[in-house]
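Chemist: To be precise about what I am sending: the file is called final29.cif and holds mmCIF, C-alpha atoms.
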data_upload
loop_
_atom_site.label_atom_id
_atom_site.label_comp_id
_atom_site.auth_asym_id
_atom_site.auth_seq_id
_atom_site.Cartn_x
_atom_site.Cartn_y
_atom_site.Cartn_z
CA MET A 1 -31.02 -34.19 -17.23
CA ILE A 2 -29.79 -35.52 -13.88
CA MET A 3 -30.90 -33.39 -10.95
CA ALA A 4 -28.65 -32.55 -8.02
CA PRO A 5 -29.11 -34.56 -4.80
CA LEU A 6 -31.89 -33.42 -2.51
CA THR A 7 -29.42 -32.36 0.19
CA ASP A 8 -27.57 -30.08 -2.23
CA GLN A 9 -30.81 -28.55 -3.44
CA LEU A 10 -31.98 -27.79 0.09
CA THR A 11 -28.58 -26.35 0.99
CA THR A 12 -28.71 -24.05 -2.04
CA LEU A 13 -32.22 -22.88 -1.20
CA GLY A 14 -31.23 -22.34 2.44
CA LEU A 15 -28.27 -20.19 1.42
CA SER A 16 -30.50 -18.19 -0.89
CA VAL A 17 -33.01 -17.56 1.90
CA ALA A 18 -30.28 -16.58 4.36
CA LEU A 19 -28.74 -14.03 1.99
CA GLY A 20 -32.17 -12.61 1.24
CA LEU A 21 -32.92 -12.31 4.96
CA LEU A 22 -29.64 -10.46 5.51
CA VAL A 23 -30.36 -7.79 2.93
CA GLY A 24 -34.09 -7.72 3.75
CA LEU A 25 -33.33 -7.12 7.43
CA GLN A 26 -31.30 -4.07 6.54
CA ARG A 27 -34.04 -2.71 4.24
CA GLU A 28 -36.67 -3.32 6.93
CA PHE A 29 -34.53 -1.53 9.51
CA ALA A 30 -34.09 1.40 7.11
CA GLY A 31 -37.88 1.74 6.87
CA THR A 32 -38.23 1.00 3.16
CA ALA A 33 -41.87 0.49 2.22
CA LEU A 34 -41.24 -1.19 -1.13
CA ALA A 35 -39.60 -4.40 0.09
CA GLY A 36 -38.38 -5.69 3.44
CA ILE A 37 -37.38 -8.71 5.43
CA ARG A 38 -39.96 -11.03 3.82
CA THR A 39 -39.77 -9.81 0.23
CA PHE A 40 -36.02 -9.99 -0.29
CA PRO A 41 -35.74 -13.71 0.57
CA LEU A 42 -38.53 -14.28 -1.96
CA PHE A 43 -36.53 -12.41 -4.62
CA ALA A 44 -33.53 -14.65 -3.95
CA VAL A 45 -35.57 -17.87 -3.84
CA LEU A 46 -37.29 -16.99 -7.11
CA GLY A 47 -33.88 -16.60 -8.75
CA THR A 48 -32.73 -19.92 -7.33
CA LEU A 49 -35.83 -21.77 -8.49
CA CYS A 50 -35.57 -20.30 -11.99
CA ALA A 51 -31.93 -21.38 -12.19
CA MET A 52 -32.81 -24.89 -10.98
CA LEU A 53 -35.57 -25.25 -13.57
CA ALA A 54 -33.55 -23.71 -16.43
CA PRO A 55 -31.78 -26.98 -17.40
CA HIS A 56 -35.22 -28.58 -17.96
CA TYR A 57 -37.16 -25.71 -19.52
CA GLY A 58 -34.48 -23.40 -20.94
CA LEU A 59 -32.60 -20.29 -19.92
CA TRP A 60 -35.53 -18.15 -20.98
CA LEU A 61 -37.03 -18.92 -17.58
CA VAL A 62 -34.26 -16.95 -15.81
CA ALA A 63 -34.85 -13.99 -18.12
CA ALA A 64 -38.60 -14.22 -17.56
CA GLY A 65 -38.06 -14.14 -13.80
CA LEU A 66 -35.92 -11.03 -14.13
CA VAL A 67 -38.61 -9.34 -16.24
CA ALA A 68 -41.27 -10.29 -13.70
CA ILE A 69 -39.26 -8.87 -10.81
CA SER A 70 -38.66 -5.64 -12.75
CA ALA A 71 -42.38 -5.33 -13.55
CA MET A 72 -43.34 -5.77 -9.91
CA LEU A 73 -40.81 -3.14 -8.83
CA VAL A 74 -42.25 -0.71 -11.39
CA MET A 75 -45.78 -1.36 -10.09
CA GLY A 76 -44.61 -0.86 -6.54
CA ASN A 77 -43.11 2.49 -7.45
CA VAL A 78 -46.29 3.57 -9.24
CA CYS A 79 -48.28 2.85 -6.11
CA GLN A 80 -45.90 5.03 -4.07
CA ARG A 81 -45.73 8.08 -6.33
CA ASP A 82 -46.52 10.36 -3.40
CA ASP A 83 -43.13 9.53 -1.86
CA GLU A 84 -40.99 12.24 -3.44
CA GLY A 85 -37.25 12.12 -3.57
CA ARG A 86 -37.06 8.32 -3.58
CA GLY A 87 -33.99 6.74 -5.07
CA LEU A 88 -33.52 3.43 -6.81
CA THR A 89 -31.43 1.76 -4.13
CA THR A 90 -34.04 -0.77 -3.03
CA GLU A 91 -34.96 -1.61 -6.61
CA ILE A 92 -31.36 -2.26 -7.60
CA ALA A 93 -30.82 -4.30 -4.43
CA ALA A 94 -33.84 -6.43 -5.34
CA LEU A 95 -32.46 -7.14 -8.82
CA VAL A 96 -29.06 -8.01 -7.33
CA MET A 97 -30.67 -10.43 -4.89
CA TYR A 98 -32.59 -12.15 -7.70
CA LEU A 99 -29.38 -12.60 -9.68
CA LEU A 100 -27.59 -13.84 -6.55
CA GLY A 101 -30.35 -16.43 -6.22
CA VAL A 102 -29.47 -17.56 -9.73
CA TRP A 103 -25.76 -17.46 -8.97
CA VAL A 104 -25.87 -19.79 -5.95
CA VAL A 105 -27.06 -22.57 -8.28
CA HIS A 106 -24.37 -22.29 -10.94
CA GLY A 107 -21.59 -20.26 -9.25
CA SER A 108 -19.48 -20.18 -6.13
CA PRO A 109 -21.38 -19.81 -2.83
CA THR A 110 -18.45 -17.80 -1.46
CA VAL A 111 -18.92 -15.15 -4.13
CA ALA A 112 -22.63 -14.96 -3.34
CA VAL A 113 -21.94 -14.49 0.38
CA VAL A 114 -19.36 -11.77 -0.28
CA VAL A 115 -21.65 -9.90 -2.67
CA ALA A 116 -24.63 -10.09 -0.31
CA GLY A 117 -22.53 -8.96 2.65
CA THR A 118 -21.09 -6.07 0.67
CA LEU A 119 -24.58 -5.09 -0.49
CA ALA A 120 -25.89 -5.07 3.08
CA VAL A 121 -22.98 -2.94 4.29
CA LEU A 122 -23.38 -0.43 1.47
CA LEU A 123 -27.10 -0.13 2.17
CA HIS A 124 -26.44 0.37 5.88
CA LEU A 125 -23.78 3.03 5.37
CA LYS A 126 -26.08 5.35 3.45
CA LYS A 127 -25.96 8.26 5.90
CA PRO A 128 -22.21 8.13 6.70
CA MET A 129 -21.39 7.92 3.00
CA HIS A 130 -23.68 10.82 2.11
CA ASP A 131 -22.24 12.87 4.99
CA PHE A 132 -18.73 12.09 3.79
CA VAL A 133 -19.57 13.29 0.28
CA LYS A 134 -21.05 16.49 1.70
CA ARG A 135 -17.81 17.19 3.57
CA ILE A 136 -15.73 16.76 0.42
CA GLY A 137 -14.74 20.12 -1.01
CA PRO A 138 -13.71 20.91 -4.58
CA SER A 139 -10.02 20.38 -3.75
CA ASP A 140 -10.73 16.96 -2.20
CA PHE A 141 -12.72 15.80 -5.21
CA LYS A 142 -9.98 17.11 -7.47
CA ALA A 143 -7.44 15.02 -5.53
CA VAL A 144 -9.50 11.86 -6.05
CA MET A 145 -9.95 12.49 -9.78
CA GLN A 146 -6.26 13.27 -10.22
CA PHE A 147 -5.35 10.01 -8.50
CA VAL A 148 -7.66 8.23 -10.95
CA LEU A 149 -5.77 9.97 -13.78
CA ILE A 150 -2.40 8.95 -12.35
CA SER A 151 -3.29 5.33 -11.58
CA LEU A 152 -5.93 4.28 -14.11
CA VAL A 153 -5.18 6.43 -17.16
CA ILE A 154 -1.46 7.17 -17.31
CA LEU A 155 -0.10 3.93 -15.83
CA PRO A 156 -1.63 1.48 -18.37
CA LEU A 157 -0.32 3.59 -21.27
CA LEU A 158 3.35 3.43 -20.24
CA PRO A 159 5.61 0.79 -21.81
CA ASN A 160 6.86 -2.01 -19.61
CA GLU A 161 10.37 -2.04 -21.09
CA THR A 162 13.81 -1.05 -19.83
CA TYR A 163 15.58 1.94 -21.33
CA GLY A 164 18.73 3.96 -20.77
CA PRO A 165 22.10 3.03 -19.32
CA TYR A 166 22.50 0.28 -16.71
CA ASP A 167 19.08 -1.18 -17.69
CA VAL A 168 17.28 0.26 -14.65
CA LEU A 169 14.82 2.81 -16.15
CA ASN A 170 11.46 1.17 -16.76
CA PRO A 171 8.67 3.75 -17.35
CA ARG A 172 5.88 1.58 -16.01
CA LYS A 173 7.82 0.55 -12.88
CA ILE A 174 8.80 4.17 -12.27
CA TRP A 175 5.18 5.29 -12.52
CA TRP A 176 4.11 2.39 -10.29
CA MET A 177 6.23 3.98 -7.59
CA VAL A 178 4.46 7.29 -8.22
CA VAL A 179 1.06 5.59 -7.86
CA LEU A 180 2.21 3.92 -4.65
CA ILE A 181 3.52 7.05 -2.99
CA VAL A 182 0.58 9.20 -4.11
CA GLY A 183 -1.81 6.52 -2.83
CA VAL A 184 -0.15 6.50 0.59
CA GLU A 185 -0.17 10.29 0.75
CA LEU A 186 -3.80 10.42 -0.37
CA ALA A 187 -4.78 8.05 2.43
CA ALA A 188 -2.93 10.28 4.90
CA TYR A 189 -4.68 13.30 3.39
CA VAL A 190 -8.07 11.67 3.99
CA LEU A 191 -7.10 11.00 7.62
CA TYR A 192 -6.04 14.61 7.93
CA ARG A 193 -9.37 15.84 6.58
CA TRP A 194 -11.18 13.49 8.94
CA ALA A 195 -9.21 14.73 11.97
CA GLY A 196 -9.93 18.37 11.19
CA GLU A 197 -7.78 21.40 11.69
CA ARG A 198 -7.02 20.58 15.32
CA ALA A 199 -5.84 17.34 16.86
CA GLY A 200 -3.99 16.08 19.90
CA THR A 201 -0.23 16.25 20.02
CA PHE A 202 0.29 12.58 19.24
CA LEU A 203 -2.27 12.53 16.45
CA GLY A 204 -0.66 15.64 15.02
CA GLY A 205 2.72 13.94 14.95
CA ILE A 206 1.36 10.73 13.44
CA LEU A 207 -0.58 12.49 10.69
CA GLY A 208 2.32 14.84 10.10
CA GLY A 209 4.65 11.89 9.56
CA LEU A 210 2.20 10.27 7.17
CA VAL A 211 1.66 13.43 5.13
CA SER A 212 5.20 14.87 5.24
CA SER A 213 7.59 14.88 8.18
CA THR A 214 9.64 17.65 6.54
CA ALA A 215 6.61 19.92 6.07
CA THR A 216 5.54 19.16 9.65
CA THR A 217 8.98 20.12 10.94
CA VAL A 218 8.93 23.42 9.08
CA ALA A 219 5.37 24.27 10.20
CA TYR A 220 5.94 23.56 13.90
CA ALA A 221 9.35 25.20 13.90
CA ARG A 222 7.75 28.44 12.73
CA ARG A 223 5.13 28.16 15.46
CA ALA A 224 7.83 27.63 18.10
CA ARG A 225 9.70 30.74 16.97
CA HIS A 226 6.63 32.92 17.42
CA ALA A 227 5.63 31.18 20.66
CA PRO A 228 8.69 29.75 22.49
CA GLU A 229 6.43 28.34 25.21
CA HIS A 230 5.24 25.79 22.62
CA ALA A 231 8.75 24.43 22.08
CA ASP A 232 8.10 21.24 24.09
CA MET A 233 4.93 20.44 22.17
CA ALA A 234 6.58 21.26 18.84
CA SER A 235 9.55 19.03 19.60
CA VAL A 236 7.27 16.07 20.41
CA VAL A 237 5.34 16.52 17.16
CA ILE A 238 8.51 16.85 15.07
CA ILE A 239 10.23 13.80 16.60
CA LEU A 240 7.05 11.71 16.39
CA ALA A 241 6.57 12.72 12.75
CA SER A 242 10.12 11.55 12.00
CA THR A 243 9.42 8.29 13.81
CA VAL A 244 6.32 7.70 11.71
CA ALA A 245 8.37 8.54 8.61
CA PHE A 246 10.61 5.53 9.36
CA VAL A 247 7.53 3.35 9.87
CA ARG A 248 6.25 4.58 6.54
CA VAL A 249 9.58 3.64 4.96
CA ILE A 250 9.25 0.09 6.29
CA ILE A 251 5.73 -0.16 4.86
CA LEU A 252 6.84 1.11 1.44
CA ALA A 253 9.75 -1.33 1.38
CA ALA A 254 7.42 -4.19 2.34
CA LEU A 255 5.07 -3.32 -0.53
CA VAL A 256 7.85 -3.16 -3.12
CA ALA A 257 10.22 -5.90 -1.91
CA PRO A 258 8.24 -8.22 0.38
CA GLN A 259 10.76 -11.04 -0.03
CA HIS A 260 13.43 -8.91 1.68
CA ILE A 261 11.29 -7.28 4.36
CA VAL A 262 12.80 -9.28 7.23
CA ALA A 263 16.32 -8.08 6.42
CA ILE A 264 15.09 -4.51 5.92
CA ALA A 265 12.66 -4.21 8.82
CA TRP A 266 14.80 -5.34 11.77
CA PRO A 267 17.43 -2.57 11.77
CA LEU A 268 14.87 0.08 10.81
CA ALA A 269 12.59 -1.15 13.60
CA VAL A 270 15.43 -0.62 16.06
CA MET A 271 15.67 2.95 14.79
CA VAL A 272 11.92 3.40 15.28
CA GLY A 273 12.23 2.09 18.83
CA VAL A 274 15.01 4.55 19.63
CA LEU A 275 12.95 7.48 18.34
CA LEU A 276 9.91 6.30 20.31
CA VAL A 277 11.93 6.29 23.53
CA ILE A 278 13.02 9.85 22.75
CA VAL A 279 9.38 10.84 22.09
CA ILE A 280 8.33 9.42 25.46
CA PHE A 281 11.14 11.29 27.20
CA GLN A 282 10.16 14.55 25.51
CA THR A 283 6.49 13.98 26.39
CA LEU A 284 7.31 13.54 30.07
CA ARG A 285 8.83 17.00 30.01
CA GLY A 286 5.31 18.43 29.80
CA ALA A 287 4.05 18.61 26.24
CA SER A 288 0.35 18.30 27.05
CA GLU A 289 -1.24 21.01 24.91
CA ARG A 290 -3.15 20.32 21.75
CA ALA A 291 -1.42 20.54 18.41
CA GLU A 292 -2.78 22.32 15.36
CA LEU A 293 -2.13 20.41 12.18
CA PRO A 294 -0.33 22.30 9.42
CA PRO A 295 -2.27 22.83 6.20
CA ALA A 296 -2.11 19.80 3.93
CA SER A 297 -1.91 20.25 0.19
CA ASN A 298 -3.45 18.07 -2.50
CA PRO A 299 -1.15 15.01 -2.72
CA ALA A 300 -2.38 13.96 -6.16
CA GLU A 301 -1.32 17.01 -8.17
CA LEU A 302 0.15 15.98 -11.50
CA ARG A 303 3.15 18.32 -11.35
CA PRO A 304 4.52 16.98 -8.01
CA ALA A 305 3.92 13.45 -9.33
CA LEU A 306 6.04 14.17 -12.39
CA ILE A 307 8.73 15.74 -10.21
CA PHE A 308 8.78 12.69 -7.94
CA ALA A 309 9.00 10.40 -10.98
CA ALA A 310 12.02 12.38 -12.22
CA ILE A 311 13.67 12.27 -8.77
CA TYR A 312 13.00 8.55 -8.47
CA ALA A 313 14.49 7.90 -11.92
CA LEU A 314 17.57 10.00 -11.15
CA VAL A 315 18.11 8.29 -7.80
CA THR A 316 17.74 4.85 -9.40
CA LEU A 317 20.17 5.79 -12.16
CA GLY A 318 22.54 7.33 -9.61
CA ILE A 319 22.55 4.18 -7.47
CA ALA A 320 23.31 2.00 -10.49
CA ALA A 321 26.06 4.34 -11.72
CA ALA A 322 27.62 4.77 -8.28
CA ASN A 323 27.62 1.04 -7.76
CA GLU A 324 29.46 0.40 -11.02
CA GLN A 325 31.93 3.26 -10.68
CA PHE A 326 32.60 3.53 -6.94
CA GLY A 327 31.10 0.53 -5.19
CA ALA A 328 29.40 0.78 -1.78
CA GLY A 329 31.01 4.14 -0.97
CA GLY A 330 29.37 5.75 -3.97
CA LEU A 331 26.00 4.32 -3.00
CA TYR A 332 26.25 5.89 0.45
CA VAL A 333 26.99 9.28 -1.09
CA VAL A 334 23.91 9.02 -3.30
CA ALA A 335 21.83 8.03 -0.24
CA ILE A 336 23.04 11.05 1.73
CA ILE A 337 22.37 13.52 -1.08
CA SER A 338 18.94 12.17 -2.01
CA GLY A 339 17.88 11.65 1.60
CA LEU A 340 18.45 15.26 2.63
CA THR A 341 15.04 16.33 1.37
CA ASP A 342 13.17 13.14 0.40
CA MET A 343 13.36 9.62 1.84
CA ASP A 344 10.67 8.15 -0.41
CA ALA A 345 12.60 8.20 -3.67
CA VAL A 346 15.71 6.45 -2.33
CA THR A 347 13.57 3.98 -0.37
CA LEU A 348 11.48 2.97 -3.36
CA SER A 349 14.41 2.86 -5.78
CA SER A 350 16.49 0.71 -3.41
CA ALA A 351 13.57 -1.60 -2.66
CA ARG A 352 12.78 -1.98 -6.35
CA MET A 353 16.40 -2.85 -7.17
CA MET A 354 16.39 -5.38 -4.33
CA ALA A 355 13.19 -6.93 -5.66
CA ASP A 356 14.71 -7.14 -9.17
CA GLY A 357 17.89 -8.77 -7.86
CA GLN A 358 20.08 -5.76 -8.71
CA LEU A 359 20.93 -4.92 -5.10
CA ILE A 360 21.40 -7.19 -2.10
CA ALA A 361 19.22 -6.56 0.95
CA ASP A 362 22.18 -6.19 3.33
CA LEU A 363 23.31 -3.11 1.43
CA GLY A 364 19.82 -1.91 0.51
CA TRP A 365 18.61 -1.32 4.07
CA ARG A 366 21.85 0.50 4.87
CA ILE A 367 21.24 2.87 1.96
CA ILE A 368 17.69 3.50 3.22
CA LEU A 369 18.84 4.08 6.79
CA ILE A 370 21.64 6.44 5.71
CA ALA A 371 19.08 8.42 3.67
CA GLY A 372 16.89 8.59 6.77
CA LEU A 373 19.77 9.83 8.91
CA ALA A 374 20.56 12.50 6.30
CA ASN A 375 16.91 13.51 6.42
CA LEU A 376 17.15 13.88 10.21
CA VAL A 377 20.13 16.19 9.74
CA PHE A 378 18.17 18.34 7.28
CA LYS A 379 15.10 18.53 9.54
CA GLY A 380 17.23 19.24 12.59
CA GLY A 381 18.88 22.16 10.79
CA ALA A 382 15.49 23.44 9.66
CA ALA A 383 14.15 23.25 13.21
CA PHE A 384 17.13 25.18 14.57
CA VAL A 385 17.07 27.87 11.89
CA LEU A 386 13.29 28.34 11.74
CA GLY A 387 12.35 27.50 15.31
CA GLY A 388 14.99 29.30 17.31
CA ALA A 389 17.35 28.17 20.04
CA ALA A 390 14.70 26.76 22.42
CA LEU A 391 13.40 24.27 19.87
CA GLY A 392 16.79 23.80 18.22
CA ARG A 393 18.41 22.52 21.41
CA ARG A 394 15.67 19.95 21.99
CA ILE A 395 15.74 18.68 18.42
CA ALA A 396 19.56 18.68 18.30
CA LEU A 397 19.73 16.51 21.42
CA ALA A 398 17.06 14.10 20.19
CA PHE A 399 18.28 13.78 16.62
CA GLY A 400 21.90 13.69 17.77
CA MET A 401 21.23 10.58 19.83
CA ALA A 402 19.32 9.06 16.90
CA LEU A 403 22.21 9.79 14.52
CA ILE A 404 24.74 8.13 16.82
CA ILE A 405 22.65 4.99 17.21
CA GLY A 406 21.75 4.94 13.50
CA THR A 407 25.40 5.20 12.50
CA ALA A 408 26.24 2.38 14.89
CA LEU A 409 23.54 0.26 13.24
CA VAL A 410 25.02 0.89 9.79
CA VAL A 411 28.55 -0.01 10.93
CA LEU A 412 27.96 -2.74 13.50
CA TRP A 413 24.85 -4.57 12.33
CA PRO A 414 25.98 -8.07 11.34
CA SER A 415 25.95 -8.99 7.69
CA PRO A 416 24.98 -12.40 6.35
CA PRO A 417 27.92 -14.82 6.39
CA ILE A 418 28.07 -15.09 2.62
CA SER A 419 27.18 -12.01 0.63
CA SER A 420 28.57 -9.80 -2.03
CA PRO A 421 29.38 -6.26 -0.82
CA VAL A 422 27.22 -4.65 -3.49
CA LEU A 423 25.38 -6.63 -6.14
CA PRO A 424 24.79 -10.34 -6.54
CA PRO A 425 27.65 -11.84 -8.53
CA ALA A 426 27.02 -12.42 -12.19
CA PRO A 427 27.50 -16.00 -13.29
CA GLU A 428 30.93 -16.46 -14.80
CA ALA A 429 31.43 -18.23 -18.04
CA VAL A 430 32.90 -21.64 -17.32
CA THR A 431 34.84 -23.42 -20.02
CA PRO A 432 33.81 -27.03 -20.01
CA GLU A 433 36.68 -29.34 -19.34
CA LEU A 434 37.21 -32.18 -21.71
CA PRO A 435 37.49 -35.58 -20.06
CA LYS A 436 41.06 -36.60 -19.60
CA PRO A 437 41.95 -39.96 -21.10
CA ASN A 438 42.95 -42.53 -18.55
CA PRO A 439 46.43 -43.86 -19.29
CA VAL A 440 46.14 -47.52 -20.05
CA GLU A 441 49.13 -49.74 -20.26
CA PRO A 442 49.26 -51.45 -23.65
CA VAL A 443 48.61 -55.12 -23.34
CA LEU A 444 51.05 -57.09 -25.44
CA PRO A 445 50.50 -60.70 -26.35
CA VAL A 446 52.56 -63.05 -24.29
CA ILE A 447 54.62 -65.33 -26.43
CA ASN A 448 55.71 -68.47 -24.69
CA PRO A 449 59.16 -69.52 -25.75
CA VAL A 450 59.08 -72.85 -27.46
CA THR A 451 62.19 -75.01 -27.35
CA PRO A 452 62.98 -76.21 -30.79
CA PRO A 453 62.99 -79.93 -31.06
#
Kindly present the structure from the file in structure tokens form.
Modeler:
Amino acid sequence: MIMAPLTDQLTTLGLSVALGLLVGLQREFAGTALAGIRTFPLFAVLGTLCAMLAPHYGLWLVAAGLVAISAMLVMGNVCQRDDEGRGLTTEIAALVMYLLGVWVVHGSPTVAVVVAGTLAVLLHLKKPMHDFVKRIGPSDFKAVMQFVLISLVILPLLPNETYGPYDVLNPRKIWWMVVLIVGVELAAYVLYRWAGERAGTFLGGILGGLVSSTATTVAYARRARHAPEHADMASVVIILASTVAFVRVIILAALVAPQHIVAIAWPLAVMVGVLLVIVIFQTLRGASERAELPPASNPAELRPALIFAAIYALVTLGIAAANEQFGAGGLYVVAIISGLTDMDAVTLSSARMMADGQLIADLGWRIILIAGLANLVFKGGAAFVLGGAALGRRIALAFGMALIIGTALVVLWPSPPISSPVLPPAPEAVTPELPKPNPVEPVLPVINPVTPP
């Protein structure tokens, strides 16, 4: 058996010692009596030496080292029986470090570094992680488990085949969109729980846009009706939530159709910039009070997920049908209707069709923007009806300007020089042409006249 060069052996041992020192430093800092900054490098080096000797003496040596480490950990625990309430964290970390010492000999050093770094971080975050678990209520834990059900149980069981008319209804792709949107909303829900019941005006608008800009509009409109002096603050939160909703749309489109994100993001980014200018103008009018976040519901409930899946499927089917029957005009009608109450379904369905080559990006972003403008109309009406005249005037002015500029973007934004108005053209059947025969003059033998004698 040919041994590795001395330089490689020393490099492997050095890496093993360094990783052991990293984890041992954390254990020493945490005050663990069982093993610390000296013992953990020894665990790793023992694993490395066993792995180096295994080609000469057999793999049983690695197993024997693991048994020896386990026996020593058991003896160390027996000697510290008076320490009640001890966990097994240090013991498991020691076993992991031994196996990492084995890994650096036969595996990728990068993997060993990543595992050791992750182990050190997890050990260090003991208190924040335990505090986070203590803050989780029954509803929060239910949300996490329901997301596991949606993403890890239901999704793998769905068929990855296309059904129905127009060949656009794929159960697994539809449910992928559900997993995506529920995941985004769950992340926003966690941020909401972290921020607490009260937050600053800007944080309230940002979190409101991440959770639901429509629900945020309704909640703050009701507050403004009962307290008209809060109209300035409510208008800032509502407009900022709608701004974040457009940012969220860009993110969702980037996740579903990354190859078209440049064409999608530029006009939508202009819309975001316009709304941000309006937010700044409204803020300068004196909205300095703190905002109370509206109650956030569990985003991972199975019933809303099924409803969203049905809406997404209907919107996808409607876009395909409208395209075939009415062209671009029909697509805009579908965008307006579906965007009145929900931008996510039309955004995801359009982005998915763009990714699958069933819709060109130049039309796809226009559908998304029109749905967003329709959503602004719906939220503006809700703010006026539920919030009263004081809030209604502010929102009408802000959203009115946004609607004018958004409509101008849809009409005036330049299209690519060569593009189909709706879908990419299907390849036409071409009848192969037979080669035409070249006309050749017949060559006749030349007969020289012979004079008879």
Chemist: Nearest to Leu331 (chain A): which of A:Tyr312, A:Trp365, A:Phe132, A:Tyr57 is it, counting only C-alpha atoms?
Modeler: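 Nearest candidate to Leu331 (chain A) out of A:Tyr312, A:Trp365, A:Phe132, A:Tyr57: A:Trp365.
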Chemist: Find the residue from A:Leu252, A:Ile405, A:Val62, A:Leu15 that sits nearest to Leu99 (chain A); use only C-alpha atoms when measuring.
Modeler: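 With only C-alpha atoms as the atom set, the closest residue is A:Val62.
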Chemist: Which residue, A:Val190, A:Leu306, A:Gly117, A:Lys173, has the smallest gap to Ala355 (chain A) when you use all atoms listed in the file?
Modeler: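 Closest to Ala355 (chain A), using all atoms listed in the file: A:Lys173.
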Chemist: With the file shown as input, list the residues that the PyMOL selection byres ((chain A and resi 223) around 12) selects, as a ChimeraX atom specification.
Modeler: /A:216-222,224-235,237-238,291-294,383,386-388,390-391
Chemist: What separation in Å, quoted to one decimal, exists between CA of Thr12 (chain A) and CA of Pro41 (chain A)?
Modeler: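 Result for CA of Thr12 (chain A) versus CA of Pro41 (chain A): 12.8 Å, one decimal.
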Chemist: Between A:Tyr332, A:Gly339, A:Phe399, A:Gly392, which is the closest to Arg366 (chain A) once you count all atoms listed in the file?
Modeler: A:Tyr332
Chemist: Of the residues A:Glu324, A:Asp131, A:Asp362, A:Asp344, which is the one nearest to Trp413 (chain A), using all atoms listed in the file?
Modeler: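 Using all atoms listed in the file, Trp413 (chain A) sits closest to A:Asp362.
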Chemist: Quick one: distance from CA of Asn170 (chain A) to CA of Ala245 (chain A) in Å, one decimal?
Modeler: 26.6 Å
Chemist: Could you write out as a ChimeraX atom specification the residues that the PyMOL selection byres ((chain A and resi 49-53) around 12) matches in the shown file?
Modeler: /A:1-4,8-10,12-14,16-17,42-48,54-66,68,98-107
Chemist: Expanded to explicit residues, what is the PyMOL selection byres ((chain A and resi 21-27) around 10) for this file, as a count of residues only?
Modeler: 36
